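Peer 1: This is the content of structure.csv (CSV, C-alpha atoms):
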chain,number,residue,atom,x,y,z
A,1109,MET,CA,-72.1,-53.4,-13.8
A,1110,LEU,CA,-68.8,-53.6,-12.2
A,1111,MET,CA,-67.4,-51.5,-15.0
A,1112,GLY,CA,-70.1,-49.0,-14.7
A,1113,GLY,CA,-69.4,-48.5,-11.0
A,1114,CYS,CA,-65.8,-47.3,-11.6
A,1115,SER,CA,-64.9,-43.7,-12.3
A,1116,MET,CA,-62.0,-43.1,-14.7
A,1117,GLU,CA,-59.6,-40.2,-14.0
A,1118,PRO,CA,-58.7,-38.2,-17.1
A,1119,GLU,CA,-55.2,-38.8,-18.3
A,1120,ALA,CA,-52.8,-35.8,-17.7
A,1121,ALA,CA,-51.9,-34.0,-20.9
A,1122,PRO,CA,-48.2,-34.7,-21.8
A,1123,GLU,CA,-45.9,-31.7,-21.4
A,1124,PRO,CA,-44.9,-30.3,-24.7
A,1125,GLU,CA,-41.4,-31.3,-25.6
A,1126,PRO,CA,-39.0,-28.4,-26.4
A,1127,PHE,CA,-38.2,-27.7,-30.0
A,1128,VAL,CA,-34.6,-28.4,-31.0
A,1129,PHE,CA,-33.1,-26.0,-33.5
A,1130,ARG,CA,-30.1,-26.8,-35.5
A,1131,SER,CA,-29.0,-23.2,-35.0
A,1132,LEU,CA,-30.1,-20.0,-33.2
A,1133,ASP,CA,-29.7,-16.5,-34.7
A,1134,LEU,CA,-31.0,-13.5,-32.8
A,1135,ARG,CA,-30.5,-9.9,-34.0
A,1136,GLN,CA,-31.7,-6.5,-32.9
A,1137,ASN,CA,-31.3,-3.1,-34.5
A,1138,ASP,CA,-31.2,0.3,-32.8
A,1139,GLU,CA,-33.7,3.2,-33.4
A,1140,GLU,CA,-31.8,4.2,-36.6
A,1141,GLY,CA,-31.9,0.7,-38.1
A,1142,ARG,CA,-28.2,-0.1,-37.4
A,1143,PRO,CA,-27.3,-3.4,-35.7
A,1144,ALA,CA,-27.3,-3.2,-31.9
A,1145,TRP,CA,-26.5,-6.8,-31.0
A,1146,ASP,CA,-26.7,-10.3,-32.3
A,1147,LEU,CA,-26.4,-13.8,-30.7
A,1148,ARG,CA,-25.8,-17.1,-32.5
A,1149,SER,CA,-25.6,-20.7,-31.4
A,1150,PRO,CA,-25.0,-24.0,-33.3
A,1151,GLU,CA,-27.8,-25.7,-31.4
A,1152,ALA,CA,-30.7,-24.5,-29.1
A,1153,ARG,CA,-33.7,-26.0,-27.4
A,1154,TYR,CA,-36.8,-23.8,-27.2
A,1155,GLU,CA,-39.6,-24.2,-24.5
A,1156,ILE,CA,-42.7,-22.6,-25.9
A,1157,ASP,CA,-44.7,-22.2,-22.7
A,1158,GLU,CA,-41.8,-20.6,-20.8
A,1159,ARG,CA,-40.5,-18.6,-23.9
A,1160,ARG,CA,-37.0,-19.8,-23.0
A,1161,ALA,CA,-34.2,-21.1,-25.2
A,1162,GLU,CA,-31.2,-23.1,-24.0
A,1163,ALA,CA,-28.3,-22.5,-26.3
A,1164,ARG,CA,-25.0,-24.4,-26.7
A,1165,ASP,CA,-21.7,-22.4,-27.3
A,1166,PRO,CA,-23.4,-19.1,-27.9
A,1167,GLU,CA,-21.4,-16.3,-29.6
A,1168,GLY,CA,-22.5,-12.7,-30.2
A,1169,THR,CA,-21.5,-9.2,-31.1
A,1170,LEU,CA,-22.2,-5.8,-29.5
A,1171,TYR,CA,-22.3,-2.8,-31.8
A,1172,ASN,CA,-21.5,0.9,-31.1
A,1173,ASP,CA,-23.0,3.2,-33.7
A,1174,GLY,CA,-23.4,0.2,-36.0
A,1175,ARG,CA,-19.8,-0.8,-35.7
A,1176,PRO,CA,-18.7,-4.0,-33.9
A,1177,SER,CA,-17.3,-3.1,-30.5
A,1178,PHE,CA,-17.4,-6.3,-28.4
A,1179,ARG,CA,-17.4,-10.1,-29.1
A,1180,ILE,CA,-19.0,-12.3,-26.5
A,1181,SER,CA,-18.9,-16.1,-26.0
A,1182,ALA,CA,-19.8,-18.7,-23.4
A,1183,GLN,CA,-20.2,-22.5,-23.0
A,1184,ARG,CA,-24.0,-22.2,-22.4
A,1185,GLY,CA,-26.7,-19.5,-22.7
A,1186,THR,CA,-30.3,-19.1,-21.6
A,1187,VAL,CA,-32.5,-16.7,-23.6
A,1188,ILE,CA,-35.5,-15.6,-21.6
A,1189,ASN,CA,-38.7,-14.0,-23.0
A,1190,ASP,CA,-37.3,-14.1,-26.5
A,1191,GLY,CA,-34.3,-12.0,-25.7
A,1192,GLU,CA,-35.4,-9.8,-22.8
A,1193,THR,CA,-32.7,-11.4,-20.7
A,1194,VAL,CA,-29.7,-13.6,-21.7
A,1195,ILE,CA,-27.8,-15.6,-19.0
A,1196,LEU,CA,-24.4,-16.7,-20.2
A,1197,ASN,CA,-22.6,-19.4,-18.2
A,1198,GLY,CA,-19.2,-21.1,-18.2
A,1199,ASP,CA,-16.0,-19.4,-19.3
A,1200,VAL,CA,-17.8,-16.2,-20.4
A,1201,ARG,CA,-15.6,-13.9,-22.4
A,1202,ILE,CA,-16.3,-10.3,-23.5
A,1203,ARG,CA,-13.6,-9.1,-25.8
A,1204,MET,CA,-13.2,-5.4,-26.6
A,1205,LEU,CA,-12.2,-4.8,-30.2
A,1206,GLY,CA,-9.8,-2.2,-31.5
A,1207,ASP,CA,-6.2,-1.1,-31.2
A,1208,GLU,CA,-6.0,-1.7,-27.5
A,1209,PRO,CA,-7.9,-5.0,-26.9
A,1210,LEU,CA,-9.3,-5.8,-23.5
A,1211,LEU,CA,-10.8,-9.1,-22.3
A,1212,ILE,CA,-13.4,-9.4,-19.5
A,1213,LEU,CA,-13.8,-12.9,-18.0
A,1214,ALA,CA,-16.5,-14.2,-15.7
A,1215,PRO,CA,-18.2,-17.5,-14.7
A,1216,GLU,CA,-21.6,-16.0,-15.4
A,1217,VAL,CA,-23.0,-12.9,-17.0
A,1218,ILE,CA,-26.6,-11.6,-16.8
A,1219,TRP,CA,-27.2,-9.6,-20.0
A,1220,GLU,CA,-30.2,-7.3,-20.4
A,1221,PRO,CA,-30.1,-6.2,-24.1
A,1222,GLY,CA,-33.0,-3.8,-23.8
A,1223,GLU,CA,-31.2,-1.9,-21.0
A,1224,GLU,CA,-27.8,-2.3,-22.7
A,1225,ARG,CA,-26.5,-3.6,-19.4
A,1226,MET,CA,-24.5,-6.6,-18.1
A,1227,ARG,CA,-24.2,-7.8,-14.5
A,1228,ILE,CA,-21.5,-10.0,-13.2
A,1229,GLU,CA,-22.3,-11.2,-9.6
A,1230,ARG,CA,-19.1,-13.2,-9.0
A,1231,ASP,CA,-15.4,-12.9,-9.8
A,1232,PRO,CA,-15.1,-10.5,-12.7
A,1233,VAL,CA,-11.6,-10.2,-14.3
A,1234,ALA,CA,-10.4,-7.7,-16.9
A,1235,ILE,CA,-7.0,-8.2,-18.6
A,1236,ASP,CA,-4.8,-6.7,-21.2
A,1237,GLY,CA,-1.3,-7.3,-22.3
A,1238,GLN,CA,0.3,-6.0,-19.0
A,1239,SER,CA,-2.4,-5.7,-16.4
A,1240,ARG,CA,-5.1,-7.7,-14.6
A,1241,LEU,CA,-8.0,-6.0,-12.8
A,1242,ARG,CA,-10.2,-8.0,-10.4
A,1243,ALA,CA,-13.2,-7.3,-8.1
A,1244,THR,CA,-16.1,-8.9,-6.2
A,1245,ARG,CA,-18.8,-7.9,-8.7
A,1246,ALA,CA,-19.2,-5.8,-11.8
A,1247,ARG,CA,-21.7,-3.8,-13.8
A,1248,PHE,CA,-21.1,-3.0,-17.5
A,1249,GLN,CA,-23.2,-0.3,-19.2
A,1250,VAL,CA,-22.7,-1.2,-22.8
A,1251,ASP,CA,-24.0,2.0,-24.4
A,1252,GLU,CA,-21.7,4.2,-22.2
A,1253,GLN,CA,-18.9,1.6,-22.3
A,1254,MET,CA,-18.7,2.1,-18.5
A,1255,LEU,CA,-17.3,-0.8,-16.4
A,1256,GLN,CA,-18.1,-0.5,-12.7
A,1257,LEU,CA,-16.1,-2.8,-10.4
A,1258,ILE,CA,-17.9,-3.3,-7.0
A,1259,GLY,CA,-16.3,-4.3,-3.7
A,1260,GLU,CA,-12.5,-4.4,-3.2
A,1261,ALA,CA,-10.8,-4.0,-6.6
A,1262,ARG,CA,-7.3,-5.3,-7.3
A,1263,LEU,CA,-5.0,-4.0,-10.1
A,1264,GLU,CA,-1.9,-6.2,-10.9
A,1265,HIS,CA,0.6,-4.8,-13.4
A,1266,TRP,CA,3.7,-6.3,-15.1
A,1267,PRO,CA,5.4,-3.3,-16.7
A,1268,ASP,CA,8.2,-5.1,-18.5
A,1269,ARG,CA,5.9,-7.8,-20.0
A,1270,GLU,CA,6.4,-8.4,-23.7
A,1271,GLU,CA,3.6,-8.8,-26.2
A,1272,SER,CA,4.9,-12.2,-27.2
A,1273,ALA,CA,4.5,-13.5,-23.6
A,1274,PRO,CA,1.8,-16.0,-22.8
A,1275,PRO,CA,-1.6,-14.5,-22.0
A,1276,ILE,CA,-2.1,-13.4,-18.4
A,1277,ASP,CA,-4.0,-15.9,-16.3
A,1278,ALA,CA,-4.3,-17.2,-12.8
A,1279,ASP,CA,-0.8,-18.8,-13.0
A,1280,THR,CA,1.1,-15.8,-14.3
A,1281,GLY,CA,2.8,-15.3,-11.0
A,1282,ASP,CA,3.2,-12.3,-8.6
A,1283,ALA,CA,2.8,-9.0,-10.3
A,1284,VAL,CA,5.5,-6.3,-10.1
A,1285,ILE,CA,2.9,-3.8,-9.0
A,1286,ASP,CA,-0.2,-4.8,-7.0
A,1287,ILE,CA,-2.7,-2.1,-6.0
A,1288,ARG,CA,-5.9,-2.6,-4.0
A,1289,THR,CA,-8.7,0.0,-4.0
A,1290,GLY,CA,-12.4,0.5,-3.4
A,1291,GLU,CA,-15.0,0.7,-6.1
A,1292,VAL,CA,-13.7,1.5,-9.6
A,1293,ARG,CA,-15.4,3.2,-12.5
A,1294,TRP,CA,-13.6,2.8,-15.9
A,1295,ASN,CA,-14.7,4.1,-19.2
A,1296,LEU,CA,-13.4,1.6,-21.7
A,1297,GLU,CA,-13.7,3.9,-24.7
A,1298,SER,CA,-11.9,7.0,-23.3
A,1299,GLY,CA,-9.8,5.2,-20.7
A,1300,ALA,CA,-10.9,7.5,-17.9
A,1301,LEU,CA,-11.0,5.8,-14.5
A,1302,THR,CA,-11.6,6.7,-10.8
A,1303,ALA,CA,-11.3,4.5,-7.7
A,1304,LYS,CA,-12.4,5.1,-4.2
A,1305,GLY,CA,-10.0,4.7,-1.4
A,1306,PRO,CA,-8.2,3.7,0.6
A,1307,VAL,CA,-5.5,2.9,-2.0
A,1308,ASN,CA,-2.8,0.4,-0.9
A,1309,GLY,CA,-0.1,-0.7,-3.3
A,1310,GLU,CA,3.0,-2.8,-3.4
A,1311,ARG,CA,5.9,-2.9,-5.8
A,1312,ARG,CA,8.0,-6.1,-5.8
A,1313,ARG,CA,11.6,-6.4,-6.9
A,1314,GLU,CA,13.3,-9.4,-8.5
A,1315,GLU,CA,15.5,-9.9,-5.5
A,1316,GLU,CA,14.0,-11.3,-2.3
A,1317,THR,CA,13.5,-8.1,-0.3
A,1318,GLU,CA,10.5,-6.5,1.3
A,1319,PRO,CA,8.3,-4.7,-1.3
A,1320,GLN,CA,7.9,-1.0,-1.6
A,1321,THR,CA,4.5,0.1,-0.3
A,1322,LEU,CA,2.2,2.9,-1.4
A,1323,VAL,CA,-0.8,4.5,0.4
A,1324,ALA,CA,-3.2,7.2,-1.0
A,1325,SER,CA,-6.7,8.4,-0.3
A,1326,ALA,CA,-8.1,7.7,-3.8
A,1327,LEU,CA,-7.0,7.7,-7.4
A,1328,SER,CA,-8.1,8.7,-10.9
A,1329,GLY,CA,-6.4,8.5,-14.2
A,1330,ASN,CA,-6.6,7.3,-17.8
A,1331,SER,CA,-5.5,3.9,-19.0
A,1332,ARG,CA,-5.2,5.0,-22.7
A,1333,GLU,CA,-3.0,7.9,-21.8
A,1334,GLY,CA,-1.0,5.7,-19.4
A,1335,TYR,CA,-1.2,7.6,-16.1
A,1336,ILE,CA,-2.8,7.4,-12.6
A,1337,ASP,CA,-3.2,10.3,-10.2
A,1338,LEU,CA,-2.7,9.4,-6.6
A,1339,MET,CA,-4.8,11.6,-4.3
A,1340,ALA,CA,-3.3,13.2,-1.2
A,1341,PRO,CA,-2.1,12.3,1.3
A,1342,VAL,CA,0.4,10.0,-0.4
A,1343,ARG,CA,3.0,8.0,1.4
A,1344,VAL,CA,5.7,5.7,-0.1
A,1345,GLU,CA,7.8,3.4,2.0
A,1346,ASP,CA,10.9,1.3,1.0
A,1347,PRO,CA,11.9,-0.9,4.0
A,1348,ALA,CA,14.9,-2.4,2.2
A,1349,GLU,CA,16.4,1.1,1.8
A,1350,GLU,CA,15.1,2.4,5.2
A,1351,ALA,CA,13.3,5.1,3.2
A,1352,TRP,CA,9.9,6.8,3.2
A,1353,MET,CA,8.2,9.8,1.5
A,1354,ASP,CA,5.1,11.9,2.4
A,1355,GLY,CA,3.6,14.3,-0.1
A,1356,GLY,CA,0.6,15.6,-1.9
A,1357,GLN,CA,-1.1,14.5,-5.1
A,1358,ALA,CA,1.2,12.7,-7.4
A,1359,ARG,CA,1.0,11.3,-11.0
A,1360,TRP,CA,2.3,7.9,-11.8
A,1361,ARG,CA,3.0,7.4,-15.6
A,1362,PHE,CA,3.1,3.6,-15.6
A,1363,THR,CA,4.1,3.3,-19.3
A,1364,GLU,CA,7.1,5.6,-18.7
A,1365,ARG,CA,7.7,4.3,-15.1
A,1366,GLU,CA,7.8,7.8,-13.7
A,1367,LEU,CA,6.3,9.3,-10.5
A,1368,THR,CA,5.9,13.1,-10.4
A,1369,SER,CA,4.4,15.8,-8.2
A,1370,PRO,CA,4.4,19.6,-8.1
A,1371,ASN,CA,3.6,19.6,-4.4
A,1372,SER,CA,5.7,19.9,-1.3
A,1373,PHE,CA,7.1,16.7,0.2
A,1374,ARG,CA,9.4,15.4,2.9
A,1375,SER,CA,11.3,12.1,2.9
A,1376,GLN,CA,13.9,10.1,4.7
A,1377,ILE,CA,16.6,7.9,3.1
A,1378,GLY,CA,18.7,6.2,5.8
A,1379,ALA,CA,20.3,9.0,7.8
A,1380,ILE,CA,19.4,11.7,5.2
A,1381,SER,CA,16.3,13.8,5.4
A,1382,ILE,CA,15.1,15.5,2.1
A,1383,GLN,CA,12.3,17.9,1.5
A,1384,GLY,CA,11.4,20.3,-1.2
A,1385,ARG,CA,8.7,21.4,-3.6
A,1386,GLY,CA,8.0,19.2,-6.6
A,1387,TYR,CA,9.8,15.9,-7.5
A,1388,ARG,CA,10.3,13.5,-10.4
A,1389,ILE,CA,11.3,9.8,-9.9
A,1390,GLU,CA,12.4,8.2,-13.2
A,1391,GLU,CA,12.7,4.5,-12.5
A,1392,SER,CA,14.2,3.7,-15.9
A,1393,LYS,CA,17.1,6.1,-15.2
A,1394,THR,CA,17.3,5.4,-11.5
A,1395,LEU,CA,17.0,9.1,-11.0
A,1396,VAL,CA,15.3,11.3,-8.3
A,1397,ILE,CA,14.9,15.0,-9.1
A,1398,VAL,CA,13.9,17.6,-6.5
A,1399,GLU,CA,12.5,20.5,-8.7
A,1400,SER,CA,12.9,23.4,-6.3
A,1401,ASP,CA,13.6,24.4,-2.6
A,1402,CYS,CA,15.8,21.4,-2.1
A,1403,ASP,CA,16.7,20.9,1.6
A,1404,LEU,CA,19.0,18.0,2.5
A,1405,SER,CA,20.0,17.2,6.1
A,1406,GLN,CA,22.2,14.6,7.7
A,1407,PRO,CA,23.8,14.5,11.2
A,1408,GLY,CA,26.1,17.6,11.5
A,1409,GLU,CA,25.3,19.0,8.0
A,1410,ARG,CA,22.5,20.7,6.1
A,1411,LEU,CA,22.5,21.6,2.4
A,1412,ARG,CA,20.1,23.9,0.6
A,1413,ALA,CA,19.8,24.5,-3.2
A,1414,GLU,CA,17.4,25.5,-5.9
A,1415,ARG,CA,17.3,21.9,-7.2
A,1416,CYS,CA,18.9,18.5,-6.5
A,1417,ARG,CA,19.4,15.2,-8.5
A,1418,TRP,CA,20.2,11.8,-7.1
A,1419,ASP,CA,21.1,8.7,-9.1
A,1420,TRP,CA,20.5,5.9,-6.7
A,1421,GLU,CA,22.2,3.2,-8.8
A,1422,LYS,CA,25.5,5.2,-9.1
A,1423,ASN,CA,25.1,6.8,-5.6
A,1424,ARG,CA,25.7,10.2,-7.1
A,1425,LEU,CA,24.2,13.5,-5.9
A,1426,LEU,CA,24.1,16.9,-7.6
A,1427,ALA,CA,22.9,20.2,-6.0
A,1428,GLU,CA,22.6,23.3,-8.3
A,1429,GLY,CA,21.6,26.9,-7.9
A,1430,ALA,CA,22.5,29.1,-4.8
A,1431,VAL,CA,23.9,26.0,-3.0
A,1432,GLU,CA,24.6,26.5,0.7
A,1433,LEU,CA,26.2,23.8,2.9
A,1434,ARG,CA,26.4,24.3,6.6
A,1435,ARG,CA,28.4,22.2,9.0
A,1436,ASP,CA,28.1,22.2,12.7
A,1437,ALA,CA,31.8,21.7,13.1
A,1438,ASN,CA,33.4,25.2,13.3
A,1439,ASP,CA,30.2,26.8,12.1
A,1440,GLN,CA,31.4,26.1,8.5
A,1441,VAL,CA,29.4,27.6,5.6
A,1442,THR,CA,30.2,26.7,2.0
A,1443,ARG,CA,28.5,28.5,-0.9
A,1444,ALA,CA,28.6,27.6,-4.6
A,1445,GLN,CA,26.5,27.3,-7.7
A,1446,ARG,CA,27.1,23.6,-7.9
A,1447,LEU,CA,28.1,20.8,-5.6
A,1448,GLU,CA,28.6,17.2,-6.5
A,1449,GLY,CA,28.3,14.4,-3.9
A,1450,ARG,CA,28.4,10.7,-3.4
A,1451,MET,CA,26.4,8.4,-1.1
A,1452,GLY,CA,28.7,6.3,1.1
A,1453,ASP,CA,28.1,2.8,2.5
A,1454,ASP,CA,27.3,4.4,5.8
A,1455,GLY,CA,24.3,6.2,4.2
A,1456,ARG,CA,25.9,9.7,4.4
A,1457,ALA,CA,26.6,12.1,1.6
A,1458,THR,CA,29.9,13.8,1.0
A,1459,PHE,CA,30.2,16.8,-1.4
A,1460,SER,CA,32.9,18.4,-3.6
A,1461,THR,CA,33.1,21.0,-6.4
A,1462,PRO,CA,35.6,19.8,-9.0
A,1463,GLY,CA,36.5,22.8,-11.2
A,1464,GLY,CA,34.0,25.1,-9.5
A,1465,ARG,CA,34.4,28.2,-7.4
A,1466,VAL,CA,33.6,27.8,-3.7
A,1467,LEU,CA,33.3,30.4,-0.9
A,1468,SER,CA,33.8,28.8,2.5
A,1469,GLU,CA,33.5,30.5,5.9
A,1470,LEU,CA,34.5,28.8,9.2
A,1471,THR,CA,35.2,29.7,12.8
A,1472,VAL,CA,38.5,28.5,14.3
A,1473,THR,CA,38.9,28.4,18.1
A,1474,GLU,CA,42.4,29.2,19.5
A,1475,GLY,CA,43.8,27.2,22.4
A,1476,GLU,CA,47.1,27.2,24.4
A,1477,GLU,CA,49.7,24.8,23.4
A,1478,PRO,CA,52.3,23.4,25.9
A,1479,GLY,CA,55.0,25.9,26.4
A,1480,GLY,CA,52.7,28.9,26.9
A,1481,ARG,CA,52.3,29.8,23.2
A,1482,ASP,CA,48.9,30.3,21.7
A,1483,GLN,CA,48.6,28.3,18.5
A,1484,PRO,CA,45.5,27.8,16.3
A,1485,ARG,CA,44.0,24.4,16.5
A,1486,SER,CA,43.9,22.2,13.5
A,1487,ALA,CA,40.6,22.4,11.7
A,1488,PRO,CA,39.0,19.1,10.6
A,1489,PRO,CA,39.5,18.2,7.0
A,1490,VAL,CA,37.0,19.6,4.5
A,1491,ASP,CA,35.8,17.6,1.4
A,1492,PHE,CA,35.4,20.3,-1.2
Kindly transcribe the structure held in the file into structure tokens.
Peer 2:
Amino acid sequence: MLMGGCSMEPEAAPEPEPFVFRSLDLRQNDEEGRPAWDLRSPEARYEIDERRAEARDPEGTLYNDGRPSFRISAQRGTVINDGETVILNGDVRIRMLGDEPLLILAPEVIWEPGEERMRIERDPVAIDGQSRLRATRARFQVDEQMLQLIGEARLEHWPDREESAPPIDADTGDAVIDIRTGEVRWNLESGALTAKGPVNGERRREEETEPQTLVASALSGNSREGYIDLMAPVRVEDPAEEAWMDGGQARWRFTERELTSPNSFRSQIGAISIQGRGYRIEESKTLVIVESDCDLSQPGERLRAERCRWDWEKNRLLAEGAVELRRDANDQVTRAQRLEGRMGDDGRATFSTPGGRVLSELTVTEGEEPGGRDQPRSAPPVDF
């Protein structure tokens, strides 16, 4: 009777234990039957009710027109709804295959194979042999091979880095060139890229001096062709040399270490003001070339020429084509087809014409010498 008066609660059904697979191998083809992507793992646990698989050390391949284009790997992976979404965690690496390899690193990647899209919500990094590109977040459209870096983007570049050097990582040290921009769109296949402004860059030297700085409104370029176009207005400053330059759109060929522009500019180097139309700065040759309408001024003097060249390592200057040098002293005017000059320690330039023909005009003021005789005053020395 006592037993009959008690009600027994039904026992809860035990939750199904996940299946443990010795390996996981997922594959998908495109509409033409070519491989689109695959994902493998040496061990995976599958939960039937949730249609979710937890994979260890997953590795995979992304294909472009049936050819392998990217390798992916991580420490852990979660496959949701039988491959609708794949979440990769822990040291995620996406390596671009080909002649110019690129490595994308992230702590976590949300991969949607059906949309051919990857999302990185935290600390994406893209590196190659000489550069490192970082941002707040990233989107990668696999079919278009378009990498979108969201938030403040930072490009660090080591132009003289050798291929045998250790891989770039967080401990590589200060980059020679460090540029910060807004959102970046980069086509990894063609190399075309654009970045929203403002653009702020620094170039550091080996010696302990203040870095050169660069400001532009935006940039575009091509990483495969090795150039970046800086959008106007562009300003470059060098505090160590007491120099600055303002100008229009300019092209930086970072593989050749050359900055060029066909546009008008004006600049200041110490006591010397330079302006003209079009310039080329060849860092490897320590050479600045003013392409046309060269106009150089310093206290008491002004030089005009069709073009000018300045070797800042040897402190040599060259003016060519319809050269005219005017000095305030005695209203002196010197004309030649070519004048050579040298920058002095005081930041001034002196010019001469070895072996060249020079036409000089000057005004001499007469004065009265003691004794009542009028004698011409001595003119100041002329360095020609």
Peer 1: In Å, with one decimal, what is the gap from atom CA of Ile1235 of chain A to atom CA of Ala1358 of chain A?
Peer 2: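 Computing it gives 25.1 Å between the two atoms.
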Peer 1: Looking at A:Pro1150, A:Gly1191, A:Gly1185, A:Pro1209, which one is nearest to Leu1134 of chain A, with distances taken over all atoms listed in the file?
Peer 2: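 Of A:Pro1150, A:Gly1191, A:Gly1185, A:Pro1209, the one nearest Leu1134 of chain A, counting all atoms listed in the file, is A:Gly1191.
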Peer 1: Which residues are close to Pro1341 of chain A, i.e. within 7 Å by all atoms listed in the file, leaving aside same-chain residues fewer than 2 positions away? Reply as a VMD selection string.
Peer 2: chain A and resid 1324 to 1325 1339 1343 1355 to 1357
Peer 1: For C-alpha atoms, I'd like the residues from the last selection saved as a CSV table (one decimal), keeping the file's coordinate frame.
Peer 2:
chain,number,residue,atom,x,y,z
A,1324,ALA,CA,-3.2,7.2,-1.0
A,1325,SER,CA,-6.7,8.4,-0.3
A,1339,MET,CA,-4.8,11.6,-4.3
A,1343,ARG,CA,3.0,8.0,1.4
A,1355,GLY,CA,3.6,14.3,-0.1
A,1356,GLY,CA,0.6,15.6,-1.9
A,1357,GLN,CA,-1.1,14.5,-5.1
Peer 1: Need the shell around Leu1447 of chain A: protein/DNA/RNA residues with any atom at most 8 Å away, counting only C-alpha atoms. Skip same-chain ones fewer than 5 positions apart. Format as a compact mmCIF listing (two decimals) with C-alpha atoms, in the frame of the given file?
Peer 2:
# COMPACT_ATOMS: atom_id res chain seq x y z
CA LEU A 1426 24.10 16.90 -7.60
CA ALA A 1427 22.90 20.20 -6.00
CA GLU A 1428 22.60 23.30 -8.30
CA VAL A 1431 23.90 26.00 -3.00
CA PHE A 1459 30.20 16.80 -1.40
CA SER A 1460 32.90 18.40 -3.60
CA THR A 1461 33.10 21.00 -6.40
Peer 1: In Å, with one decimal, what is the gap from atom CA of Gln1320 of chain A to atom CA of Gly1237 of chain A?
Peer 2: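 Result for atom CA of Gln1320 of chain A versus atom CA of Gly1237 of chain A: 23.5 Å, one decimal.
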Peer 1: Report, in Å to a single decimal, how far apart atom CA of Leu1338 of chain A and atom CA of Ser1375 of chain A are.
Peer 2: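 Computing the Euclidean distance for atom CA of Ser1375 of chain A and atom CA of Leu1338 of chain A yields 17.1 Å.
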Peer 1: Identify, on the basis of all atoms listed in the file, every residue whose closest approach to segment 1402-1406 of chain A does not exceed 12 Å; exclude the query and any residue fewer than 3 positions from it along the same chain; express the result as a ChimeraX atom specification.
Peer 2: /A:1372-1387,1396-1399,1409-1418,1425-1436,1449,1451,1454-1459
Peer 1: Could you write out the selected residues, including C-alpha atoms, as an mmCIF file, in the frame of the given file?
Peer 2:
data_model
loop_
_atom_site.group_PDB
_atom_site.id
_atom_site.type_symbol
_atom_site.label_atom_id
_atom_site.label_comp_id
_atom_site.auth_asym_id
_atom_site.auth_seq_id
_atom_site.Cartn_x
_atom_site.Cartn_y
_atom_site.Cartn_z
ATOM 1 C CA SER A 1372 5.700 19.900 -1.300
ATOM 2 C CA PHE A 1373 7.100 16.700 0.200
ATOM 3 C CA ARG A 1374 9.400 15.400 2.900
ATOM 4 C CA SER A 1375 11.300 12.100 2.900
ATOM 5 C CA GLN A 1376 13.900 10.100 4.700
ATOM 6 C CA ILE A 1377 16.600 7.900 3.100
ATOM 7 C CA GLY A 1378 18.700 6.200 5.800
ATOM 8 C CA ALA A 1379 20.300 9.000 7.800
ATOM 9 C CA ILE A 1380 19.400 11.700 5.200
ATOM 10 C CA SER A 1381 16.300 13.800 5.400
ATOM 11 C CA ILE A 1382 15.100 15.500 2.100
ATOM 12 C CA GLN A 1383 12.300 17.900 1.500
ATOM 13 C CA GLY A 1384 11.400 20.300 -1.200
ATOM 14 C CA ARG A 1385 8.700 21.400 -3.600
ATOM 15 C CA GLY A 1386 8.000 19.200 -6.600
ATOM 16 C CA TYR A 1387 9.800 15.900 -7.500
ATOM 17 C CA VAL A 1396 15.300 11.300 -8.300
ATOM 18 C CA ILE A 1397 14.900 15.000 -9.100
ATOM 19 C CA VAL A 1398 13.900 17.600 -6.500
ATOM 20 C CA GLU A 1399 12.500 20.500 -8.700
ATOM 21 C CA GLU A 1409 25.300 19.000 8.000
ATOM 22 C CA ARG A 1410 22.500 20.700 6.100
ATOM 23 C CA LEU A 1411 22.500 21.600 2.400
ATOM 24 C CA ARG A 1412 20.100 23.900 0.600
ATOM 25 C CA ALA A 1413 19.800 24.500 -3.200
ATOM 26 C CA GLU A 1414 17.400 25.500 -5.900
ATOM 27 C CA ARG A 1415 17.300 21.900 -7.200
ATOM 28 C CA CYS A 1416 18.900 18.500 -6.500
ATOM 29 C CA ARG A 1417 19.400 15.200 -8.500
ATOM 30 C CA TRP A 1418 20.200 11.800 -7.100
ATOM 31 C CA LEU A 1425 24.200 13.500 -5.900
ATOM 32 C CA LEU A 1426 24.100 16.900 -7.600
ATOM 33 C CA ALA A 1427 22.900 20.200 -6.000
ATOM 34 C CA GLU A 1428 22.600 23.300 -8.300
ATOM 35 C CA GLY A 1429 21.600 26.900 -7.900
ATOM 36 C CA ALA A 1430 22.500 29.100 -4.800
ATOM 37 C CA VAL A 1431 23.900 26.000 -3.000
ATOM 38 C CA GLU A 1432 24.600 26.500 0.700
ATOM 39 C CA LEU A 1433 26.200 23.800 2.900
ATOM 40 C CA ARG A 1434 26.400 24.300 6.600
ATOM 41 C CA ARG A 1435 28.400 22.200 9.000
ATOM 42 C CA ASP A 1436 28.100 22.200 12.700
ATOM 43 C CA GLY A 1449 28.300 14.400 -3.900
ATOM 44 C CA MET A 1451 26.400 8.400 -1.100
ATOM 45 C CA ASP A 1454 27.300 4.400 5.800
ATOM 46 C CA GLY A 1455 24.300 6.200 4.200
ATOM 47 C CA ARG A 1456 25.900 9.700 4.400
ATOM 48 C CA ALA A 1457 26.600 12.100 1.600
ATOM 49 C CA THR A 1458 29.900 13.800 1.000
ATOM 50 C CA PHE A 1459 30.200 16.800 -1.400
#
Peer 1: Using all atoms listed in the file, find the one residue out of A:Pro1215, A:Arg1135, A:Trp1145, A:Glu1192 that sits nearest to Arg1160 of chain A.
Peer 2: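 Closest candidate: A:Glu1192.
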Peer 1: Please determine, counting all atoms listed in the file, which residue among A:Thr1317, A:Ala1234, A:Ile1336, A:Phe1248 has the shortest atom-to-atom distance to Thr1368 of chain A.
Peer 2: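 Checking each candidate against Thr1368 of chain A, we get A:Ile1336 as the closest.
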